[in-house]
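Listing of target19.cif, mmCIF, C-alpha atoms and all ligand atoms
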data_upload
#
loop_
_atom_site.label_atom_id
_atom_site.label_comp_id
_atom_site.auth_asym_id
_atom_site.auth_seq_id
_atom_site.Cartn_x
_atom_site.Cartn_y
_atom_site.Cartn_z
CA MET D 211 18.87 60.69 -65.85
CA LYS D 212 16.71 59.02 -63.17
CA ILE D 213 18.78 56.48 -61.25
CA GLY D 214 17.75 53.68 -58.89
CA LEU D 215 20.30 52.08 -56.59
CA ILE D 216 19.88 48.55 -55.26
CA GLY D 217 22.05 47.68 -52.26
CA LEU D 218 23.22 50.02 -49.52
CA GLY D 219 26.29 48.18 -48.29
CA ASN D 220 29.87 49.44 -48.26
CA ALA D 221 29.94 50.45 -51.93
CA GLY D 222 26.25 51.25 -52.41
CA SER D 223 26.13 53.70 -49.51
CA GLN D 224 29.18 55.58 -50.86
CA LEU D 225 27.71 55.67 -54.34
CA ALA D 226 24.38 56.91 -52.98
CA ARG D 227 26.18 59.72 -51.19
CA VAL D 228 28.08 60.98 -54.23
CA LEU D 229 25.13 60.61 -56.62
CA HIS D 230 22.91 62.55 -54.23
CA ARG D 231 25.46 65.20 -53.25
CA LYS D 232 26.21 65.98 -56.90
CA HIS D 233 22.52 65.98 -57.90
CA LEU D 234 23.07 63.26 -60.49
CA GLY D 235 19.53 61.90 -60.48
CA LEU D 236 19.42 59.36 -57.67
CA VAL D 237 15.67 59.05 -57.13
CA ALA D 238 15.21 55.62 -55.53
CA ILE D 239 17.09 53.25 -53.23
CA PHE D 240 16.51 49.66 -52.13
CA SER D 241 17.91 47.66 -49.26
CA ARG D 242 16.43 44.61 -47.56
CA ASP D 243 17.07 46.38 -44.28
CA TYR D 244 14.07 48.71 -43.72
CA ASP D 245 15.67 50.78 -40.94
CA LYS D 246 18.74 51.46 -43.06
CA VAL D 247 16.91 52.26 -46.28
CA SER D 248 14.27 54.43 -44.60
CA GLN D 249 16.90 56.39 -42.69
CA THR D 250 18.91 57.07 -45.86
CA GLY D 251 15.81 57.71 -47.96
CA LYS D 252 14.33 60.20 -45.50
CA ARG D 253 17.66 62.01 -45.14
CA LYS D 254 18.05 62.34 -48.90
CA ARG D 255 14.31 62.86 -49.49
CA ILE D 256 14.14 60.21 -52.17
CA PHE D 257 12.00 57.11 -52.72
CA TYR D 258 13.02 54.14 -50.58
CA THR D 259 11.79 50.60 -50.13
CA ASN D 260 12.79 47.22 -48.76
CA ASP D 261 10.46 45.49 -51.22
CA LEU D 262 11.86 45.27 -54.74
CA ALA D 263 8.33 44.83 -56.15
CA ASP D 264 7.63 48.45 -55.14
CA PHE D 265 10.74 49.83 -56.84
CA PRO D 266 10.02 52.40 -59.61
CA LYS D 267 9.72 50.77 -63.04
CA ASP D 268 10.44 53.81 -65.24
CA LEU D 269 14.02 54.70 -64.32
CA ASP D 270 16.79 55.39 -66.85
CA LEU D 271 19.39 53.38 -65.00
CA TYR D 272 19.37 50.68 -62.31
CA ILE D 273 22.64 50.21 -60.43
CA LEU D 274 23.14 46.89 -58.63
CA ALA D 275 25.46 47.34 -55.64
CA VAL D 276 24.95 43.85 -54.24
CA PRO D 277 27.51 41.11 -53.51
CA ASP D 278 29.13 39.61 -56.63
CA ASP D 279 27.53 36.21 -56.14
CA VAL D 280 23.94 37.51 -56.06
CA ILE D 281 24.14 39.95 -59.00
CA GLY D 282 22.53 37.40 -61.36
CA GLU D 283 19.85 36.50 -58.84
CA VAL D 284 18.91 40.16 -58.17
CA ALA D 285 18.96 40.93 -61.91
CA ALA D 286 16.64 37.97 -62.51
CA THR D 287 14.18 39.29 -59.91
CA LEU D 288 14.40 42.82 -61.29
CA SER D 289 13.79 41.60 -64.83
CA HIS D 290 10.32 40.36 -63.81
CA LEU D 291 9.51 43.84 -62.52
CA VAL D 292 11.25 46.16 -65.00
CA GLU D 293 10.98 45.43 -68.68
CA GLY D 294 13.68 46.63 -71.05
CA GLY D 295 15.50 48.65 -68.40
CA ARG D 296 19.17 49.59 -68.44
CA VAL D 297 21.04 47.82 -65.65
CA VAL D 298 24.66 47.95 -64.51
CA HIS D 299 26.56 46.31 -61.68
CA ILE D 300 29.62 47.76 -59.98
CA SER D 301 31.74 44.64 -59.52
CA GLY D 302 35.37 44.30 -60.57
CA SER D 303 35.27 40.55 -60.87
CA GLN D 304 31.92 39.76 -62.48
CA PRO D 305 31.68 40.15 -66.26
CA SER D 306 29.06 42.46 -67.73
CA THR D 307 27.58 39.35 -69.37
CA VAL D 308 26.24 38.12 -66.01
CA LEU D 309 23.40 40.60 -66.66
CA ALA D 310 22.89 39.69 -70.31
CA PRO D 311 20.32 36.88 -69.78
CA TYR D 312 18.05 39.35 -67.98
CA PHE D 313 18.69 42.74 -69.59
CA GLU D 314 19.74 43.36 -73.16
CA ARG D 315 20.94 46.83 -72.19
CA HIS D 316 23.52 46.09 -69.51
CA GLY D 317 26.96 47.11 -68.38
CA VAL D 318 29.45 47.66 -65.58
CA PHE D 319 30.25 50.87 -63.70
CA TYR D 320 33.22 49.81 -61.58
CA PRO D 321 34.76 52.26 -59.10
CA LEU D 322 38.29 50.94 -58.53
CA GLN D 323 38.60 51.83 -54.86
CA THR D 324 38.13 50.16 -51.51
CA MET D 325 34.92 51.39 -49.92
CA THR D 326 33.88 50.94 -46.33
CA LYS D 327 30.73 52.34 -44.82
CA GLY D 328 31.39 55.47 -42.79
CA ARG D 329 34.63 56.34 -44.61
CA ARG D 330 34.39 59.20 -47.06
CA ILE D 331 35.76 58.53 -50.49
CA LYS D 332 37.16 61.31 -52.67
CA PHE D 333 35.37 60.11 -55.78
CA GLN D 334 37.14 62.59 -58.05
CA ASP D 335 40.33 60.50 -57.57
CA VAL D 336 38.65 57.12 -58.02
CA PRO D 337 39.10 55.45 -61.42
CA ILE D 338 35.71 54.54 -62.85
CA LEU D 339 35.92 51.72 -65.37
CA ILE D 340 33.05 51.26 -67.79
CA THR D 341 32.10 48.20 -69.81
CA THR D 342 29.02 47.83 -71.99
CA PRO D 343 28.17 46.62 -75.49
CA ASP D 344 25.44 49.31 -75.73
CA ASP D 345 26.61 52.55 -77.45
CA GLU D 346 23.95 54.82 -75.97
CA LEU D 347 24.33 53.38 -72.47
CA ARG D 348 28.13 53.73 -72.76
CA GLN D 349 27.78 57.44 -73.53
CA ASP D 350 25.39 57.97 -70.61
CA LEU D 351 27.67 56.06 -68.24
CA LEU D 352 30.66 58.10 -69.45
CA ASP D 353 28.76 61.36 -68.85
CA LEU D 354 27.75 60.20 -65.39
CA ALA D 355 31.26 58.98 -64.51
CA HIS D 356 32.89 62.25 -65.68
CA LYS D 357 30.65 64.17 -63.28
CA ILE D 358 31.94 62.02 -60.42
CA SER D 359 35.58 61.32 -61.24
CA ASN D 360 38.57 62.73 -63.12
CA HIS D 361 39.68 59.21 -64.08
CA VAL D 362 37.21 57.50 -66.38
CA HIS D 363 38.10 54.63 -68.70
CA ILE D 364 36.34 52.21 -71.01
CA ILE D 365 37.68 48.69 -70.58
CA SER D 366 36.72 45.14 -71.51
CA ASP D 367 35.48 42.44 -69.11
CA GLU D 368 38.82 40.65 -69.55
CA GLU D 369 40.86 43.76 -68.71
CA ARG D 370 38.71 44.48 -65.65
CA ALA D 371 39.09 40.87 -64.45
CA TRP D 372 42.90 41.20 -64.51
CA LEU D 373 42.79 44.63 -62.89
CA HIS D 374 40.62 43.16 -60.16
CA ILE D 375 43.25 40.49 -59.42
CA ALA D 376 45.89 43.24 -59.19
CA ALA D 377 43.54 45.25 -56.95
CA VAL D 378 43.03 42.29 -54.60
CA ILE D 379 46.82 41.95 -54.30
CA VAL D 380 47.56 45.63 -53.54
CA ASN D 381 44.53 46.16 -51.32
CA ASN D 382 43.11 43.02 -49.70
CA PHE D 383 46.38 41.11 -49.38
CA THR D 384 48.28 44.16 -48.11
CA ASN D 385 45.60 44.76 -45.50
CA HIS D 386 45.74 41.11 -44.47
CA LEU D 387 49.49 41.52 -43.92
CA TYR D 388 48.70 44.44 -41.58
CA ALA D 389 46.41 42.10 -39.65
CA LEU D 390 49.18 39.46 -39.40
CA ALA D 391 51.61 42.12 -38.18
CA GLU D 392 49.03 43.19 -35.59
CA LYS D 393 48.81 39.59 -34.39
CA ILE D 394 52.53 39.75 -33.64
CA THR D 395 52.44 43.17 -31.93
CA ASP D 396 49.39 42.16 -29.87
CA ALA D 397 50.99 38.88 -28.80
CA ARG D 398 54.14 40.73 -27.69
CA ASP D 399 52.20 43.61 -26.09
CA LEU D 400 53.75 46.10 -28.51
CA PRO D 401 51.77 49.04 -29.97
CA PHE D 402 50.69 48.49 -33.59
CA ASP D 403 50.68 52.32 -33.79
CA LEU D 404 54.49 52.21 -34.06
CA LEU D 405 54.05 50.65 -37.52
CA ARG D 406 51.58 53.22 -38.90
CA PRO D 407 54.21 55.73 -40.20
CA LEU D 408 55.94 52.84 -42.00
CA ILE D 409 52.66 51.74 -43.58
CA LEU D 410 52.02 55.30 -44.73
CA GLU D 411 55.50 55.86 -46.21
CA THR D 412 55.34 52.51 -48.05
CA ALA D 413 52.04 53.54 -49.65
CA GLN D 414 53.24 57.07 -50.38
CA LYS D 415 56.58 56.25 -51.99
CA VAL D 416 55.00 53.90 -54.51
CA GLN D 417 52.97 56.89 -55.78
CA LYS D 418 56.26 58.20 -57.22
CA LEU D 419 58.49 55.15 -57.58
CA ASP D 420 58.18 51.92 -59.50
CA PRO D 421 57.28 49.22 -56.89
CA GLN D 422 60.36 47.19 -57.75
CA LYS D 423 62.63 50.21 -57.16
CA ALA D 424 60.89 50.98 -53.87
CA GLN D 425 61.47 47.47 -52.49
CA THR D 426 63.65 47.19 -49.37
CA GLY D 427 64.06 44.54 -46.66
CA PRO D 428 66.11 41.42 -45.92
CA ALA D 429 64.89 39.32 -48.87
CA ALA D 430 65.50 42.13 -51.37
CA ARG D 431 69.01 42.65 -49.91
CA GLY D 432 69.76 38.93 -49.73
CA ASP D 433 70.30 38.99 -45.92
CA GLN D 434 69.71 35.27 -45.43
CA GLU D 435 70.83 35.22 -41.79
CA THR D 436 68.18 37.80 -40.88
CA ILE D 437 65.55 35.79 -42.73
CA ASP D 438 66.58 32.61 -40.90
CA ARG D 439 66.36 34.39 -37.53
CA HIS D 440 62.85 35.60 -38.40
CA LEU D 441 61.76 32.13 -39.53
CA GLN D 442 63.05 30.63 -36.28
CA LYS D 443 61.14 33.17 -34.19
CA LEU D 444 57.96 32.54 -36.18
CA GLU D 445 57.89 28.81 -35.45
CA ASN D 446 54.97 29.27 -33.07
CA TYR D 447 53.01 31.20 -35.72
CA PRO D 448 52.69 28.65 -38.55
CA ASP D 449 50.22 30.76 -40.57
CA ILE D 450 52.52 33.80 -40.51
CA LEU D 451 55.60 31.64 -41.09
CA LYS D 452 54.05 30.25 -44.28
CA VAL D 453 53.24 33.72 -45.64
CA TYR D 454 56.71 35.01 -44.67
CA GLN D 455 58.35 32.12 -46.55
CA VAL D 456 56.22 32.45 -49.69
CA LEU D 457 56.75 36.22 -49.91
CA SER D 458 60.48 35.99 -49.18
CA ASP D 459 60.86 33.37 -51.94
CA SER D 460 58.87 35.54 -54.33
CA LEU D 461 61.04 38.55 -53.50
CA ARG D 462 64.27 36.60 -53.94
CA ASN D 463 63.12 35.23 -57.30
CA ARG D 464 62.69 38.70 -58.75
N1 LIG I 501 33.37 47.58 -51.00
C1 LIG I 501 34.25 47.80 -51.94
O1 LIG I 501 35.38 48.16 -51.64
C2 LIG I 501 33.86 47.68 -53.40
C3 LIG I 501 34.63 48.38 -54.35
C4 LIG I 501 34.26 48.30 -55.69
C5 LIG I 501 33.17 47.51 -56.08
N2 LIG I 501 32.49 46.82 -55.12
C6 LIG I 501 31.35 46.00 -55.56
O2 LIG I 501 30.17 46.50 -54.97
C7 LIG I 501 29.23 45.44 -54.82
C8 LIG I 501 28.74 45.43 -53.38
O3 LIG I 501 29.84 45.19 -52.54
P1 LIG I 501 29.87 45.76 -51.04
O4 LIG I 501 31.28 45.72 -50.60
O5 LIG I 501 29.13 47.03 -50.96
O6 LIG I 501 29.07 44.60 -50.31
P2 LIG I 501 28.25 44.71 -48.95
O7 LIG I 501 28.87 45.74 -48.07
O8 LIG I 501 28.13 43.32 -48.47
O9 LIG I 501 26.83 45.26 -49.41
C9 LIG I 501 25.99 44.57 -50.27
C10 LIG I 501 24.55 45.09 -50.23
O10 LIG I 501 23.71 44.21 -50.99
C11 LIG I 501 22.60 43.77 -50.18
N3 LIG I 501 22.31 42.37 -50.50
C12 LIG I 501 22.99 41.27 -50.13
N4 LIG I 501 22.42 40.16 -50.61
C13 LIG I 501 21.34 40.58 -51.31
C14 LIG I 501 20.32 39.91 -52.03
N5 LIG I 501 20.30 38.57 -52.14
N6 LIG I 501 19.36 40.66 -52.61
C15 LIG I 501 19.36 41.99 -52.51
N7 LIG I 501 20.29 42.69 -51.83
C16 LIG I 501 21.27 41.98 -51.24
C17 LIG I 501 23.13 43.88 -48.75
O11 LIG I 501 22.25 43.68 -47.75
P3 LIG I 501 20.94 44.47 -47.25
O12 LIG I 501 19.93 44.42 -48.35
O13 LIG I 501 20.62 43.64 -46.09
O14 LIG I 501 21.35 45.89 -46.93
C18 LIG I 501 23.94 45.20 -48.86
O15 LIG I 501 23.09 46.31 -48.82
C19 LIG I 501 29.96 44.15 -55.20
O16 LIG I 501 29.64 43.82 -56.52
C20 LIG I 501 31.42 44.55 -55.11
O17 LIG I 501 32.25 43.80 -55.97
C21 LIG I 501 32.79 46.88 -53.79
#

How does this structure look as structure tokens?
Amino acid sequence: MKIGLIGLGNAGSQLARVLHRKHLGLVAIFSRDYDKVSQTGKRKRIFYTNDLADFPKDLDLYILAVPDDVIGEVAATLSHLVEGGRVVHISGSQPSTVLAPYFERHGVFYPLQTMTKGRRIKFQDVPILITTPDDELRQDLLDLAHKISNHVHIISDEERAWLHIAAVIVNNFTNHLYALAEKITDARDLPFDLLRPLILETAQKVQKLDPQKAQTGPAARGDQETIDRHLQKLENYPDILKVYQVLSDSLRNR
């Protein structure tokens, strides 16, 4: 299968790496940033361009790794250049149908993992969730996904939308809480490093335990005096105070 990848951001660059390393048919890449795309293209010895009009028109699969909000816009542009192509995006939140007005043969190839440029992802552990109404495309996407990951599933747009909400909670919100904690340690001249083993153990124990069983802390124990002391200390940090209150209430209500 000849694959073209559009977008070399956090997710696109990781996908490019695994597709190339495993010889899965990545033959062309596009980014608006010429330096970036030429560097990657030369390194991988594949076609590269920063002008979509030059992108190869005869590929078996076009993967859009662009921000959620521009998927439709990029698909619209591509549809003027590539007729009858097979196009997927890799977003958790956008439905497959966002591509439908532009490409009859469309789908989603969603790697459920946080991806940041420069960090190496072990793709074999990353769930890849596939959605498409096209039987032949579904089979090709399944074959491709199985060569990358040991966790491949077919799901609907609706299921992926709910999973994406859950993913935002466990990943983005959790990371934001780290940032709030860092605000406190920085303000008090304490090393954030002291919290890293705790962060790690919290993430590791939930691999084995149900999250509700793994829960500890003052709100889970019902230690109201401790909570009140914390709330008093946080008076000068209204943004953190608000989050602390909302999460403590949520914990108590369980
Ligand atoms: N990062 C993750 O953890 C993750 C995980 C799973 C799925 N995803 C999905 O992957 C997709 C990309 O996300 P990302 O995190 O990789 O975003 P990103 O880091 O912002 O990268 C997006 C890429 O698209 C290019 N781009 C932006 N606007 C464009 C436009 N109008 N036309 C053409 N190209 C444009 C960017 O700029 P240049 O052209 O300037 O390079 C960049 O190469 C999203 O659908 C996201 O939901 C992300």

Q: Using all atoms listed in the file, determine which residues lie at most 6 Å from segment 215-219 of chain D, disregarding the query and same-chain residues fewer than 6 positions distant; provide the list as a ChimeraX atom specification.
A: /D:239-241,272-276

Q) From the list D:Pro428, D:Pro343, D:Gly328, D:Gly235, which residue is nearest Pro305 of chain D when using all atoms listed in the file? A)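 Nearest to Pro305 of chain D: D:Pro343.
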
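Note that atom O5 of ligand LIG 501 (chain I) and atom CA of His361 of chain D are 20.8 Å apart.
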
**Q.** All residues having an atom within 10 Å of ligand LIG 501 (chain I) (all atoms listed in the file) as a ChimeraX atom specification
**A.** /D:216-225,240-247,260-262,273-285,287,299-304,318-327,338,374,377,381-382

Q | Distance in Å - atom CA of Arg255 of chain D versus atom CA of Ala286 of chain D | A |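 Result for atom CA of Arg255 of chain D versus atom CA of Ala286 of chain D: 28.2 Å, one decimal.
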
Q: Tell me, in Å to one decimal, how far atom CA of Leu352 of chain D is from atom CA of Ile340 of chain D.
A: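 Rounded to one decimal, the two atoms are 7.4 Å apart.
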
Please list as a PDB file with C-alpha atoms, in the coordinates of the input every residue within 8 Å of segment 430-443 of chain D, counting all atoms listed in the file and excluding residues in the same chain fewer than 5 positions away.
ATOM      1  CA  GLN D 425      61.470  47.470 -52.490  1.00  0.00           C
ATOM      2  CA  LEU D 451      55.600  31.640 -41.090  1.00  0.00           C
ATOM      3  CA  TYR D 454      56.710  35.010 -44.670  1.00  0.00           C
ATOM      4  CA  GLN D 455      58.350  32.120 -46.550  1.00  0.00           C
ATOM      5  CA  LEU D 461      61.040  38.550 -53.500  1.00  0.00           C
ATOM      6  CA  ARG D 462      64.270  36.600 -53.940  1.00  0.00           C
TER       7      ARG D 462
END
